[in-house]
>>> print(open('model32.tsv').read())   # TSV, C-alpha atoms
chain	number	residue	atom	x	y	z
A	1	MET	CA	-32.44	-99.53	14.48
A	2	THR	CA	-31.79	-96.00	15.80
A	3	ARG	CA	-34.98	-94.72	14.16
A	4	GLN	CA	-37.02	-97.70	15.33
A	5	LEU	CA	-35.85	-97.10	18.89
A	6	ALA	CA	-36.61	-93.37	18.62
A	7	PHE	CA	-40.17	-94.32	17.63
A	8	THR	CA	-40.35	-96.75	20.56
A	9	ALA	CA	-39.19	-94.07	22.99
A	10	GLU	CA	-41.68	-91.58	21.59
A	11	ALA	CA	-44.48	-94.13	21.96
A	12	GLY	CA	-43.57	-94.57	25.62
A	13	LYS	CA	-44.80	-91.05	26.31
A	14	LEU	CA	-48.35	-92.36	25.92
A	15	LYS	CA	-48.02	-93.69	29.48
A	16	GLY	CA	-48.32	-90.09	30.61
A	17	VAL	CA	-51.38	-89.11	28.56
A	18	LEU	CA	-54.44	-89.28	30.81
A	19	ARG	CA	-57.84	-90.18	29.40
A	20	GLN	CA	-61.27	-89.23	30.72
A	21	THR	CA	-62.04	-92.85	31.66
A	22	VAL	CA	-62.01	-93.60	35.38
A	23	LEU	CA	-60.55	-96.93	36.54
A	24	THR	CA	-61.72	-98.67	39.69
A	25	GLU	CA	-58.54	-100.68	40.43
A	26	PRO	CA	-56.75	-98.46	41.24
A	27	ALA	CA	-59.23	-95.54	41.36
A	28	ARG	CA	-57.65	-93.00	39.03
A	29	ARG	CA	-57.83	-91.86	35.42
A	30	GLU	CA	-56.66	-94.32	32.80
A	31	ASN	CA	-53.75	-93.46	30.51
A	32	SER	CA	-53.70	-94.05	26.77
A	33	ALA	CA	-51.01	-96.76	26.89
A	34	GLU	CA	-53.17	-98.87	29.25
A	35	HIS	CA	-56.26	-98.19	27.17
A	36	SER	CA	-54.50	-99.31	23.97
A	37	TRP	CA	-53.28	-102.49	25.63
A	38	HIS	CA	-56.73	-103.30	27.02
A	39	LEU	CA	-58.21	-102.93	23.53
A	40	ALA	CA	-55.63	-105.37	22.16
A	41	VAL	CA	-56.68	-107.88	24.83
A	42	MET	CA	-60.33	-107.34	23.86
A	43	ALA	CA	-59.56	-107.95	20.18
A	44	LEU	CA	-58.03	-111.33	21.09
A	45	ALA	CA	-60.81	-112.27	23.52
A	46	LEU	CA	-63.75	-111.06	21.38
A	47	ALA	CA	-62.30	-112.02	17.97
A	48	GLU	CA	-65.26	-114.26	17.06
A	49	HIS	CA	-67.60	-111.25	17.15
A	50	ALA	CA	-65.82	-109.67	14.19
A	51	PRO	CA	-67.35	-110.33	10.75
A	52	PRO	CA	-66.07	-113.61	9.22
A	53	GLY	CA	-62.70	-113.16	7.49
A	54	THR	CA	-61.59	-110.20	9.62
A	55	ASP	CA	-57.79	-110.19	10.05
A	56	ILE	CA	-57.48	-110.04	13.85
A	57	ALA	CA	-53.69	-109.54	13.73
A	58	ALA	CA	-54.29	-106.33	11.77
A	59	VAL	CA	-56.95	-105.29	14.31
A	60	VAL	CA	-54.50	-105.82	17.19
A	61	ALA	CA	-51.71	-103.86	15.44
A	62	MET	CA	-54.16	-101.06	14.65
A	63	LEU	CA	-55.29	-100.87	18.29
A	64	VAL	CA	-51.73	-100.88	19.59
A	65	LEU	CA	-50.94	-97.88	17.36
A	66	HIS	CA	-54.26	-96.01	17.18
A	67	ASP	CA	-53.67	-93.52	20.01
A	68	LEU	CA	-49.96	-92.76	19.41
A	69	VAL	CA	-51.02	-89.35	18.07
A	70	GLU	CA	-52.19	-88.43	21.58
A	71	VAL	CA	-48.53	-87.99	22.53
A	72	ASP	CA	-48.91	-84.62	20.78
A	73	ALA	CA	-52.68	-84.10	20.58
A	74	GLY	CA	-53.83	-85.38	23.99
A	75	ASP	CA	-57.17	-87.11	24.61
A	76	LEU	CA	-60.52	-85.48	23.93
A	77	SER	CA	-63.88	-86.56	25.34
A	78	ALA	CA	-66.07	-88.44	22.84
A	79	TYR	CA	-68.81	-86.01	23.92
A	80	ALA	CA	-66.87	-82.81	23.11
A	81	PRO	CA	-68.66	-80.37	20.73
A	82	ASP	CA	-68.15	-80.69	16.96
A	83	PHE	CA	-65.75	-77.74	16.60
A	84	ALA	CA	-63.48	-79.27	19.25
A	85	GLN	CA	-63.62	-82.66	17.49
A	86	ALA	CA	-62.62	-81.03	14.18
A	87	ARG	CA	-59.66	-79.25	15.81
A	88	GLN	CA	-58.64	-82.51	17.47
A	89	GLN	CA	-58.72	-84.37	14.16
A	90	GLN	CA	-56.40	-81.78	12.63
A	91	ALA	CA	-53.99	-82.01	15.58
A	92	GLU	CA	-53.99	-85.81	15.36
A	93	ARG	CA	-53.19	-85.74	11.65
A	94	ALA	CA	-50.22	-83.42	12.29
A	95	ALA	CA	-49.09	-85.72	15.11
A	96	ALA	CA	-49.27	-88.77	12.82
A	97	ASP	CA	-47.14	-86.93	10.26
A	98	ARG	CA	-44.48	-86.29	12.87
A	99	ILE	CA	-44.50	-89.53	14.86
A	100	PHE	CA	-44.64	-92.15	12.09
A	101	ALA	CA	-41.86	-90.26	10.26
A	102	LEU	CA	-39.53	-91.21	13.12
A	103	LEU	CA	-39.46	-94.71	11.57
A	104	PRO	CA	-37.55	-95.79	8.43
A	105	ALA	CA	-39.61	-94.77	5.38
A	106	ASP	CA	-41.03	-98.21	4.45
A	107	GLN	CA	-42.21	-98.88	8.01
A	108	ALA	CA	-43.46	-95.33	8.44
A	109	HIS	CA	-45.63	-95.92	5.41
A	110	SER	CA	-47.07	-99.31	6.42
A	111	LEU	CA	-47.80	-98.38	10.05
A	112	ARG	CA	-49.24	-95.02	9.04
A	113	ARG	CA	-51.55	-96.85	6.64
A	114	LEU	CA	-52.92	-98.86	9.58
A	115	TRP	CA	-53.56	-95.62	11.44
A	116	ASP	CA	-55.27	-93.99	8.43
A	117	ASP	CA	-57.43	-97.10	8.00
A	118	PHE	CA	-58.51	-96.88	11.65
A	119	GLU	CA	-59.44	-93.22	11.22
A	120	GLU	CA	-61.34	-93.73	7.95
A	121	ARG	CA	-63.07	-96.99	9.00
A	122	ALA	CA	-62.49	-98.21	5.45
A	123	SER	CA	-61.98	-101.92	6.27
A	124	PRO	CA	-63.81	-104.50	8.42
A	125	GLU	CA	-60.63	-104.55	10.57
A	126	ALA	CA	-60.89	-100.80	11.21
A	127	ARG	CA	-64.64	-101.00	11.91
A	128	PHE	CA	-64.15	-103.81	14.43
A	129	ALA	CA	-61.25	-101.94	16.06
A	130	ARG	CA	-63.39	-98.79	16.34
A	131	ALA	CA	-66.24	-100.80	17.86
A	132	LEU	CA	-63.92	-102.03	20.62
A	133	ASP	CA	-62.57	-98.50	21.15
A	134	ARG	CA	-66.17	-97.34	21.80
A	135	LEU	CA	-67.16	-100.31	23.94
A	136	GLN	CA	-64.21	-100.28	26.35
A	137	PRO	CA	-65.03	-96.93	28.06
A	138	MET	CA	-68.68	-98.08	28.46
A	139	LEU	CA	-67.52	-101.20	30.27
A	140	GLU	CA	-65.26	-99.12	32.54
A	141	ASN	CA	-68.11	-96.68	33.25
A	142	VAL	CA	-70.37	-99.54	34.34
A	143	ARG	CA	-67.56	-100.90	36.51
A	144	ALA	CA	-66.98	-97.44	38.06
A	145	GLY	CA	-70.72	-97.01	38.80
A	146	GLY	CA	-71.10	-94.11	36.36
A	147	GLY	CA	-67.59	-92.85	35.61
A	148	THR	CA	-67.48	-90.26	32.83
A	149	TRP	CA	-71.25	-90.57	32.31
A	150	THR	CA	-71.83	-89.07	35.74
A	151	ALA	CA	-68.81	-86.74	35.70
A	152	GLN	CA	-69.73	-85.21	32.33
A	153	ALA	CA	-73.54	-85.34	32.82
A	154	VAL	CA	-73.92	-87.54	29.75
A	155	THR	CA	-77.43	-88.89	29.00
A	156	ALA	CA	-78.50	-92.20	27.49
A	157	ASP	CA	-79.37	-90.69	24.09
A	158	GLN	CA	-75.80	-89.40	23.73
A	159	VAL	CA	-74.39	-92.83	24.53
A	160	LEU	CA	-76.87	-94.56	22.19
A	161	ALA	CA	-75.68	-92.29	19.35
A	162	LYS	CA	-72.22	-93.86	19.77
A	163	VAL	CA	-73.64	-97.37	19.56
A	164	GLU	CA	-74.05	-97.06	15.80
A	165	LEU	CA	-70.26	-97.18	15.49
A	166	ILE	CA	-70.22	-100.39	17.53
A	167	GLU	CA	-72.99	-101.98	15.46
A	168	ASP	CA	-71.11	-101.04	12.33
A	169	GLY	CA	-68.10	-103.09	13.48
A	170	SER	CA	-69.90	-106.02	15.11
A	171	ALA	CA	-73.62	-106.84	15.19
A	172	SER	CA	-73.37	-108.88	18.40
A	173	LEU	CA	-71.27	-106.28	20.23
A	174	GLY	CA	-73.78	-103.64	19.12
A	175	ARG	CA	-76.68	-105.64	20.64
A	176	PHE	CA	-74.66	-106.11	23.80
A	177	ALA	CA	-73.94	-102.36	24.04
A	178	ARG	CA	-77.67	-101.52	23.72
A	179	GLN	CA	-78.51	-103.89	26.56
A	180	LEU	CA	-75.67	-102.49	28.66
A	181	ILE	CA	-77.02	-98.94	28.24
A	182	GLU	CA	-80.61	-100.00	29.10
A	183	ARG	CA	-79.35	-101.71	32.23
A	184	ALA	CA	-77.22	-98.67	33.18
A	185	VAL	CA	-80.31	-96.43	32.97
A	186	ARG	CA	-82.34	-98.92	35.03
A	187	ASP	CA	-79.54	-99.09	37.61
A	188	GLY	CA	-79.46	-95.29	37.86
A	189	ILE	CA	-75.82	-94.89	36.79
A	190	LEU	CA	-76.74	-93.26	33.45
A	191	ALA	CA	-79.34	-90.48	33.12
A	192	PRO	CA	-82.26	-91.28	30.76
A	193	ALA	CA	-82.64	-89.45	27.44
A	194	GLN	CA	-83.08	-85.75	28.21
A	195	SER	CA	-86.52	-84.26	27.65
A	196	ARG	CA	-86.52	-80.98	25.72
A	197	PRO	CA	-86.24	-77.89	27.96
A	198	ALA	CA	-89.53	-75.96	28.50
A	199	ASP	CA	-88.67	-73.09	26.12
A	200	GLN	CA	-88.31	-75.57	23.25
A	201	GLN	CA	-91.72	-77.12	23.91
A	202	PRO	CA	-94.31	-76.35	21.27
A	203	ALA	CA	-96.41	-73.29	22.16
A	204	ASN	CA	-99.57	-75.30	22.25
A	205	PRO	CA	-98.98	-78.47	24.26
A	206	ALA	CA	-101.69	-80.19	22.23
A	207	ASP	CA	-99.35	-79.99	19.20
A	208	GLY	CA	-96.45	-81.78	20.93
B	1	MET	CA	-69.54	-113.27	25.25
B	2	THR	CA	-70.03	-113.20	29.04
B	3	ARG	CA	-66.89	-115.28	29.56
B	4	GLN	CA	-64.89	-113.23	27.07
B	5	LEU	CA	-65.90	-110.05	28.88
B	6	ALA	CA	-65.04	-111.58	32.26
B	7	PHE	CA	-61.56	-112.30	30.90
B	8	THR	CA	-61.33	-108.72	29.60
B	9	ALA	CA	-62.31	-107.30	32.98
B	10	GLU	CA	-59.81	-109.53	34.77
B	11	ALA	CA	-57.07	-108.40	32.37
B	12	GLY	CA	-57.86	-104.78	33.23
B	13	LYS	CA	-56.50	-105.36	36.74
B	14	LEU	CA	-53.00	-105.39	35.24
B	15	LYS	CA	-53.25	-101.58	35.18
B	16	GLY	CA	-52.79	-101.74	38.94
B	17	VAL	CA	-49.78	-104.08	39.04
B	18	LEU	CA	-46.64	-101.99	39.53
B	19	ARG	CA	-43.34	-103.12	38.08
B	20	GLN	CA	-39.80	-102.27	39.28
B	21	THR	CA	-39.12	-100.21	36.16
B	22	VAL	CA	-39.02	-96.45	36.69
B	23	LEU	CA	-40.52	-94.20	34.01
B	24	THR	CA	-39.26	-90.68	33.37
B	25	GLU	CA	-42.46	-89.20	31.86
B	26	PRO	CA	-44.18	-89.11	34.30
B	27	ALA	CA	-41.60	-90.06	36.99
B	28	ARG	CA	-43.19	-93.08	38.67
B	29	ARG	CA	-43.14	-96.87	38.51
B	30	GLU	CA	-44.48	-98.48	35.35
B	31	ASN	CA	-47.45	-100.85	35.51
B	32	SER	CA	-47.67	-104.17	33.71
B	33	ALA	CA	-50.41	-103.05	31.30
B	34	GLU	CA	-48.25	-100.19	30.03
B	35	HIS	CA	-45.21	-102.46	29.85
B	36	SER	CA	-47.13	-105.04	27.80
B	37	TRP	CA	-48.37	-102.37	25.40
B	38	HIS	CA	-44.90	-100.89	24.97
B	39	LEU	CA	-43.53	-104.34	24.10
B	40	ALA	CA	-46.24	-104.74	21.43
B	41	VAL	CA	-45.16	-101.39	19.92
B	42	MET	CA	-41.53	-102.60	19.97
B	43	ALA	CA	-42.46	-105.84	18.19
B	44	LEU	CA	-44.04	-103.80	15.37
B	45	ALA	CA	-41.20	-101.26	15.20
B	46	LEU	CA	-38.32	-103.76	15.49
B	47	ALA	CA	-39.91	-106.59	13.50
B	48	GLU	CA	-37.06	-106.79	10.98
B	49	HIS	CA	-34.63	-107.78	13.75
B	50	ALA	CA	-36.49	-111.05	14.31
B	51	PRO	CA	-35.12	-114.11	12.46
B	52	PRO	CA	-36.55	-114.40	8.91
B	53	GLY	CA	-39.95	-116.10	8.87
B	54	THR	CA	-40.91	-115.06	12.43
B	55	ASP	CA	-44.69	-114.56	12.74
B	56	ILE	CA	-44.84	-111.02	14.16
B	57	ALA	CA	-48.61	-111.20	14.74
B	58	ALA	CA	-48.01	-114.14	17.08
B	59	VAL	CA	-45.22	-112.19	18.81
B	60	VAL	CA	-47.57	-109.23	19.38
B	61	ALA	CA	-50.36	-111.45	20.74
B	62	MET	CA	-47.88	-113.20	23.02
B	63	LEU	CA	-46.59	-109.88	24.38
B	64	VAL	CA	-50.12	-108.55	24.94
B	65	LEU	CA	-50.90	-111.64	27.06
B	66	HIS	CA	-47.54	-112.54	28.62
B	67	ASP	CA	-47.95	-110.70	31.93
B	68	LEU	CA	-51.66	-111.41	32.59
B	69	VAL	CA	-50.57	-113.86	35.30
B	70	GLU	CA	-49.24	-110.91	37.31
B	71	VAL	CA	-52.86	-110.05	38.19
B	72	ASP	CA	-52.43	-112.85	40.75
B	73	ALA	CA	-48.67	-113.32	41.04
B	74	GLY	CA	-47.41	-109.71	40.93
B	75	ASP	CA	-44.10	-108.63	39.38
B	76	LEU	CA	-40.73	-109.93	40.55
B	77	SER	CA	-37.35	-108.32	39.87
B	78	ALA	CA	-35.32	-110.11	37.18
B	79	TYR	CA	-32.46	-110.00	39.71
B	80	ALA	CA	-34.35	-111.77	42.52
B	81	PRO	CA	-32.61	-114.88	43.95
B	82	ASP	CA	-33.26	-118.31	42.41
B	83	PHE	CA	-35.61	-119.57	45.16
B	84	ALA	CA	-37.83	-116.51	44.68
B	85	GLN	CA	-37.83	-117.01	40.92
B	86	ALA	CA	-38.91	-120.65	41.37
B	87	ARG	CA	-41.73	-119.64	43.72
B	88	GLN	CA	-42.79	-116.95	41.24
B	89	GLN	CA	-42.88	-119.44	38.38
B	90	GLN	CA	-45.20	-121.69	40.38
B	91	ALA	CA	-47.50	-118.77	41.26
B	92	GLU	CA	-47.62	-117.70	37.61
B	93	ARG	CA	-48.55	-121.18	36.45
B	94	ALA	CA	-51.43	-121.28	38.95
B	95	ALA	CA	-52.52	-117.82	37.79
B	96	ALA	CA	-52.50	-118.94	34.14
B	97	ASP	CA	-54.68	-121.93	35.11
B	98	ARG	CA	-57.23	-119.59	36.69
B	99	ILE	CA	-57.21	-116.63	34.31
B	100	PHE	CA	-57.25	-118.35	30.91
B	101	ALA	CA	-60.03	-120.64	32.18
B	102	LEU	CA	-62.29	-117.57	32.33
B	103	LEU	CA	-62.52	-117.85	28.52
B	104	PRO	CA	-64.58	-120.36	26.52
B	105	ALA	CA	-62.61	-123.65	26.37
B	106	ASP	CA	-61.32	-123.40	22.78
B	107	GLN	CA	-60.02	-119.86	23.29
B	108	ALA	CA	-58.65	-120.68	26.75
B	109	HIS	CA	-56.61	-123.41	25.07
B	110	SER	CA	-55.25	-121.36	22.17
B	111	LEU	CA	-54.35	-118.27	24.22
B	112	ARG	CA	-52.84	-120.41	27.00
B	113	ARG	CA	-50.68	-122.10	24.38
B	114	LEU	CA	-49.25	-118.69	23.42
B	115	TRP	CA	-48.45	-118.05	27.07
B	116	ASP	CA	-46.82	-121.48	27.52
B	117	ASP	CA	-44.76	-120.90	24.38
B	118	PHE	CA	-43.53	-117.56	25.76
B	119	GLU	CA	-42.52	-119.24	29.03
B	120	GLU	CA	-40.77	-122.18	27.37
B	121	ARG	CA	-39.09	-120.15	24.61
B	122	ALA	CA	-39.82	-123.06	22.27
B	123	SER	CA	-40.42	-121.03	19.07
B	124	PRO	CA	-38.59	-118.17	17.28
B	125	GLU	CA	-41.67	-116.06	18.10
B	126	ALA	CA	-41.28	-116.71	21.83
B	127	ARG	CA	-37.51	-116.10	21.73
B	128	PHE	CA	-37.98	-112.77	19.95
B	129	ALA	CA	-40.76	-111.78	22.39
B	130	ARG	CA	-38.53	-112.64	25.35
B	131	ALA	CA	-35.68	-110.61	23.86
B	132	LEU	CA	-37.92	-107.54	23.73
B	133	ASP	CA	-39.14	-108.19	27.28
B	134	ARG	CA	-35.48	-108.09	28.44
B	135	LEU	CA	-34.50	-105.10	26.33
B	136	GLN	CA	-37.36	-102.75	27.29
B	137	PRO	CA	-36.37	-102.29	30.98
B	138	MET	CA	-32.75	-101.65	29.90
B	139	LEU	CA	-33.92	-98.85	27.62
B	140	GLU	CA	-36.03	-97.36	30.43
B	141	ASN	CA	-33.07	-97.58	32.84
B	142	VAL	CA	-30.85	-95.66	30.44
B	143	ARG	CA	-33.60	-93.08	30.00
B	144	ALA	CA	-34.04	-92.78	33.79
B	145	GLY	CA	-30.26	-92.34	34.31
B	146	GLY	CA	-29.87	-95.61	36.22
B	147	GLY	CA	-33.40	-96.65	37.25
B	148	THR	CA	-33.55	-100.14	38.77
B	149	TRP	CA	-29.81	-100.64	38.15
B	150	THR	CA	-29.05	-97.93	40.69
B	151	ALA	CA	-32.00	-98.66	42.99
B	152	GLN	CA	-31.18	-102.38	43.26
B	153	ALA	CA	-27.35	-101.97	43.14
B	154	VAL	CA	-27.16	-104.13	40.03
B	155	THR	CA	-23.73	-104.50	38.36
B	156	ALA	CA	-22.81	-104.83	34.69
B	157	ASP	CA	-22.01	-108.56	34.92
B	158	GLN	CA	-25.57	-109.23	36.17
B	159	VAL	CA	-27.04	-107.28	33.27
B	160	LEU	CA	-24.71	-108.97	30.76
B	161	ALA	CA	-25.94	-112.37	31.98
B	162	LYS	CA	-29.44	-111.35	30.79
B	163	VAL	CA	-28.13	-110.38	27.36
B	164	GLU	CA	-27.84	-114.05	26.35
B	165	LEU	CA	-31.64	-114.19	26.29
B	166	ILE	CA	-31.69	-111.17	23.97
B	167	GLU	CA	-29.04	-112.65	21.65
B	168	ASP	CA	-31.03	-115.88	21.57
B	169	GLY	CA	-34.05	-114.01	20.15
B	170	SER	CA	-32.28	-111.53	17.87
B	171	ALA	CA	-28.58	-111.29	16.98
B	172	SER	CA	-28.77	-107.58	16.15
B	173	LEU	CA	-30.72	-106.66	19.31
B	174	GLY	CA	-28.17	-108.69	21.31
B	175	ARG	CA	-25.30	-106.68	19.84
B	176	PHE	CA	-27.19	-103.47	20.53
B	177	ALA	CA	-27.79	-104.49	24.18
B	178	ARG	CA	-24.05	-105.18	24.72
B	179	GLN	CA	-23.16	-101.73	23.39
B	180	LEU	CA	-25.87	-100.15	25.53
B	181	ILE	CA	-24.43	-101.78	28.67
B	182	GLU	CA	-20.86	-100.73	27.82
B	183	ARG	CA	-22.04	-97.17	27.32
B	184	ALA	CA	-24.04	-97.24	30.58
B	185	VAL	CA	-20.91	-98.29	32.50
B	186	ARG	CA	-18.85	-95.58	30.75
B	187	ASP	CA	-21.55	-93.00	31.59
B	188	GLY	CA	-21.51	-94.05	35.24
B	189	ILE	CA	-25.20	-95.09	35.42
B	190	LEU	CA	-24.35	-98.81	35.78
B	191	ALA	CA	-21.70	-100.13	38.19
B	192	PRO	CA	-18.91	-102.15	36.49
B	193	ALA	CA	-18.60	-105.92	37.04
B	194	GLN	CA	-18.01	-106.56	40.74
B	195	SER	CA	-14.56	-107.82	41.70
B	196	ARG	CA	-14.61	-110.96	43.84
B	197	PRO	CA	-14.68	-110.29	47.60
B	198	ALA	CA	-11.29	-110.75	49.35
B	199	ASP	CA	-12.16	-114.12	50.97
B	200	GLN	CA	-12.81	-115.63	47.52
B	201	GLN	CA	-9.41	-114.49	46.18
B	202	PRO	CA	-6.87	-117.26	45.60
B	203	ALA	CA	-4.53	-117.73	48.58
B	204	ASN	CA	-1.52	-116.92	46.48
B	205	PRO	CA	-2.20	-113.84	44.38
B	206	ALA	CA	0.29	-115.14	41.80
B	207	ASP	CA	-2.24	-117.93	40.99
B	208	GLY	CA	-5.12	-115.50	40.28
>>> encode(input="model32.tsv", output="structure tokens")
Amino acid sequence: MTRQLAFTAEAGKLKGVLRQTVLTEPARRENSAEHSWHLAVMALALAEHAPPGTDIAAVVAMLVLHDLVEVDAGDLSAYAPDFAQARQQQAERAAADRIFALLPADQAHSLRRLWDDFEERASPEARFARALDRLQPMLENVRAGGGTWTAQAVTADQVLAKVELIEDGSASLGRFARQLIERAVRDGILAPAQSRPADQQPANPADG
Amino acid sequence: MTRQLAFTAEAGKLKGVLRQTVLTEPARRENSAEHSWHLAVMALALAEHAPPGTDIAAVVAMLVLHDLVEVDAGDLSAYAPDFAQARQQQAERAAADRIFALLPADQAHSLRRLWDDFEERASPEARFARALDRLQPMLENVRAGGGTWTAQAVTADQVLAKVELIEDGSASLGRFARQLIERAVRDGILAPAQSRPADQQPANPADG
């Protein structure tokens, strides 16, 4: 029990890890513990949008655990450049090595496997969990009237690129996300796809 | 999906409901979303302390949902007087009626049943979930060097009265909680059992 409680205490630190996402009630940045809980609620509420046969209990457990590594690695914007994403992935793997090892070996193994599955998107459970993880910040951005989209000058094409991950986990949630982005552009809370800057335009406009 | 997303959005308000519990990292009051998430982590980490055959997936789902009613009813101290507890129970029931009804009828029914089970402690799942819900604030109080015990002038006998609920859900967690309280008294972060005030002493001290 000592090791299980050490893991529990370590997990509690996630309450202090701030995410980019802006909440409206109260108006402040969300922390990773709240985010993880909200995803678990979504998995229960939106369960029927997972492919038939998806084990929702596994999805919920995965979502509860998926951000534990941020205790060490912190949160990184989904729109950070590739080199930063690669560094983050390495830091998260090291964090998983440390944090799951706080548990007795058999549990360390089974909970770590859930985390690896989430990362690798190898199962329908992981793909559905990842879809919810992508959708939740979009919903909060709409609620906040722009949120990180405005703060980080994100454009619709960047958000649409993330929708593939949602479609991969749930066809109906993917359709919903596309509509949500279209509406956000129409409502002026998300900038439309960026046109290429002038110096990247073809020399002869007739070619473009 | 509209109704499922309305439920999800409503749930998000729990991030703004502050509990009595004091966190150490960062030093501030915990909110109910974080608390619910931490309990879900505990259910996964401490699963083997539930009676054999307990459905841990149901425990996790129950813990994710158990405090949703606080969106309307707020959080009340476990040491509040009986009349306040009765009023709170009524407010929580009304909140459950409203909030679960945001979902499509079949889901409203099945998730409400989990909530009712938690309240009534009718199943081993509910009794284990309730045990964790009692244990978590004790762990945070020890970590905070007194926390709500100090702030609300709670004494060891009051805390020990809550341990029965822990023992009822898990024998080993109950034993652990008793040791934790003994240690807290020894360490001076929890006041020992209060002696009866003078006017309640027997007239003849030889009788007492």
>>> residues_near_point(input="model32.tsv", point="(-50.1, -108.7, 24.6)", cutoff="9 Å", atoms="all atoms listed in the file", output="list in words")
Trp37, His38, Ala40 and Val41 of chain A; Ala33, Ser36, Trp37, Leu39, Ala40, Val59, Val60, Ala61, Met62, Leu63, Val64, Leu65, His66, Asp67 and Leu68 of chain B
>>> residues_around(input="model32.tsv", residues="range 72-85 of chain A", least_positions_apart="6", cutoff="6 Å", atoms="all atoms listed in the file", output="number ranges by chain")
A: 19, 91-92, 95
>>> residues_near_point(input="model32.tsv", point="(-40.7, -93.7, 16.4)", cutoff="9 Å", atoms="all atoms listed in the file", output="short mmCIF file (atom, residue, chain, number, x, y, z; two decimals) with C-alpha atoms, keeping the file's coordinate frame")
data_model
loop_
_atom_site.label_atom_id
_atom_site.label_comp_id
_atom_site.auth_asym_id
_atom_site.auth_seq_id
_atom_site.Cartn_x
_atom_site.Cartn_y
_atom_site.Cartn_z
CA ARG A 3 -34.98 -94.72 14.16
CA GLN A 4 -37.02 -97.70 15.33
CA LEU A 5 -35.85 -97.10 18.89
CA ALA A 6 -36.61 -93.37 18.62
CA PHE A 7 -40.17 -94.32 17.63
CA THR A 8 -40.35 -96.75 20.56
CA ALA A 9 -39.19 -94.07 22.99
CA GLU A 10 -41.68 -91.58 21.59
CA ALA A 11 -44.48 -94.13 21.96
CA ILE A 99 -44.50 -89.53 14.86
CA PHE A 100 -44.64 -92.15 12.09
CA ALA A 101 -41.86 -90.26 10.26
CA LEU A 102 -39.53 -91.21 13.12
CA LEU A 103 -39.46 -94.71 11.57
CA PRO A 104 -37.55 -95.79 8.43
CA ALA A 108 -43.46 -95.33 8.44
CA ALA B 45 -41.20 -101.26 15.20
#
>>> closest_residue(input="model32.tsv", among="B:Glu70, B:Asp157, B:Glu119, B:Glu140", to="chain A", atoms="all atoms listed in the file")
B:Glu140
>>> closest_residue(input="model32.tsv", among="A:Arg134, A:Ser172, A:Pro51, A:Pro124", to="chain B", atoms="only C-alpha atoms")
A:Ser172
